[in-house]
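Just below is one structure, and these are the notes that go with it.
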Amino acid sequence: MIRLIVSDIDGTLLPYGETRLRERLFPLIDRLRARGILFCPASGRQYHSLRGLFGPAGDKLTYLCENGAILYGPGSEEEAPVLGKTPMEREEALALCRAILDLPECQLLVSGANISYLCQCPRDYVDYMGGFKGNRVKVLEDVEEIGEDIIKVSAYCPQGTGGPAEALGPRWGVPFRMAAAGPDWLDFTLADKGTGLAQLCRALGVATSEVMAFGDNWNDAAMLSLAGESWLMAGADPELLDRFPQHCTSVEDTLEAFLTELA
């Protein structure tokens, strides 16, 4: 029996380059809730950015944010409980930040609990993160000024993640987890969406076998592997398509079919 549905956002529920979820998703979430099934966005995005996508439905959802590094329960943005958090070791995280800043083709994003820290970047990148992505943003002169736990470090790679992954992976793939999050983001965390989902299931009292998960990229793989029922978007990397045999072209269509079977 499915009790929890977790879905990636960018490339899964939200096509790359778009900023609004399809309206047909929201009545599906309400129908799931009426059957006692929770819905959880699971994303590399910041909590504030995720909530902005879901509008009035936002208070009713649980959230797996920053690739599983921080989890929130239902409630208003200011009062929702933190159900789990996995900080990075600070000095190692700051050293990684400096390595990303040394890559001329990349921009740095450092994630606190609900704020994105930017450093030594052009104005259009600040506008992109605060406007297009909808993040809470703070611009700093130096990463040493970050006064809270660092839960994720990301490289924005507008020319693609291949070169930056080759440059950063040998040193920073361990101790951190490195994952491509779409065509132009490379994320580093101690957590991943799998460890985040395991934490969330413990907090909610849901077995991982009772989870249906949707994703499209390598940063979704651990979550898809852990869930009892997994769906991969049909346009994903062929290696992922071989690994996860259930494919779909629309999360909404798959949820509609699932609800019809329950009726």
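So you can find residues: chains in the structure tokens are A, B, ... in the order shown, residues in each start at 1, and ligands are numbered from 1 in order.
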Original post:
Which parts of stretch 151-195 of chain A does DSSP call strand (DSSP E) when run on the backbone here, written out as a list in words?
Top reply: Lys152, Val153, Ser154, Ala155, Tyr156, Arg177, Met178, Ala179, Ala180, Trp185, Leu186, Asp187, Phe188 and Thr189 of chain A
Using only C-alpha atoms, which residues of stretch 81-136 of chain A come within 12 Å of stretch 50-68 of chain A, and what is the closest atom pair for each, with the distance in Å to one decimal? Give it as a Markdown table, sorted by chain and residue number.
```
| residue | atom | partner | partner_atom | distance |
| --- | --- | --- | --- | --- |
| A:Pro81 | CA | A:Thr62 | CA | 9.6 |
| A:Val82 | CA | A:Tyr63 | CA | 9.5 |
| A:Leu83 | CA | A:Thr62 | CA | 9.3 |
| A:Gly84 | CA | A:Gly68 | CA | 8.8 |
| A:Lys85 | CA | A:Gly68 | CA | 8.1 |
| A:Thr86 | CA | A:Gly68 | CA | 8.1 |
| A:Pro87 | CA | A:Gly68 | CA | 10.7 |
| A:Leu109 | CA | A:Glu66 | CA | 11.5 |
| A:Val110 | CA | A:Glu66 | CA | 10.4 |
| A:Ser111 | CA | A:Glu66 | CA | 7.6 |
| A:Gly112 | CA | A:Glu66 | CA | 9.2 |
| A:Ala113 | CA | A:Glu66 | CA | 8.7 |
| A:Asn114 | CA | A:Cys65 | CA | 9.4 |
| A:Ile115 | CA | A:Glu66 | CA | 10.8 |
| A:Ser116 | CA | A:Glu66 | CA | 10.6 |
| A:Gly130 | CA | A:Gly52 | CA | 11.8 |
| A:Gly131 | CA | A:Gly52 | CA | 11.4 |
| A:Phe132 | CA | A:Gly52 | CA | 11.4 |
| A:Lys133 | CA | A:Leu50 | CA | 9.3 |
| A:Gly134 | CA | A:Gly52 | CA | 7.2 |
| A:Asn135 | CA | A:Leu50 | CA | 8.7 |
| A:Arg136 | CA | A:Gly52 | CA | 10.9 |
```
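If you measure from each of A:Pro175, A:Ala191, A:Ser49, A:Ala95 to A:Met129 using only C-alpha atoms, the closest one turns out to be A:Ser49.
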**OP:** Could you check which of A:Val126, A:Leu168, A:Cys40, A:Ala222 is closest to A:Leu140, using only C-alpha atoms?
**Re:** A:Val126
Original post:
So which one's closest to A:Asp237, A:Pro183, A:Gly169, A:Gly163, A:Gly196? Using only C-alpha atoms, please.
Top reply: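 Closest candidate: A:Pro183.
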**OP:** Using only C-alpha atoms, determine which residues lie at most 12 Å from A:Leu32, disregarding the query and same-chain residues fewer than 5 positions distant; provide the list as a list in words.
**Re:** Ile2, Arg3, Leu4, Ile5, Leu25, Phe26, Pro27, Ile37, Leu38, Phe39, Cys40, Lys60, Leu61, Glu252, Leu255, Glu256, Phe258, Leu259, Thr260, Leu262 and Ala263 of chain A
Subject >> Which of A:Ala99, A:Ala234, A:Ala198, A:Ala180 sits closest to A:Asn217 [using only C-alpha atoms] >> reply: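 Once distances to A:Asn217 are computed over only C-alpha atoms, the minimum belongs to A:Ala180.
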Original post:
So which residues touch A:Ile100 within 7 Å, counting only C-alpha atoms, skipping near sequence neighbours fewer than 6 positions away, as an NGL selection string?
Top reply: :A and (106 or 108 or 155)
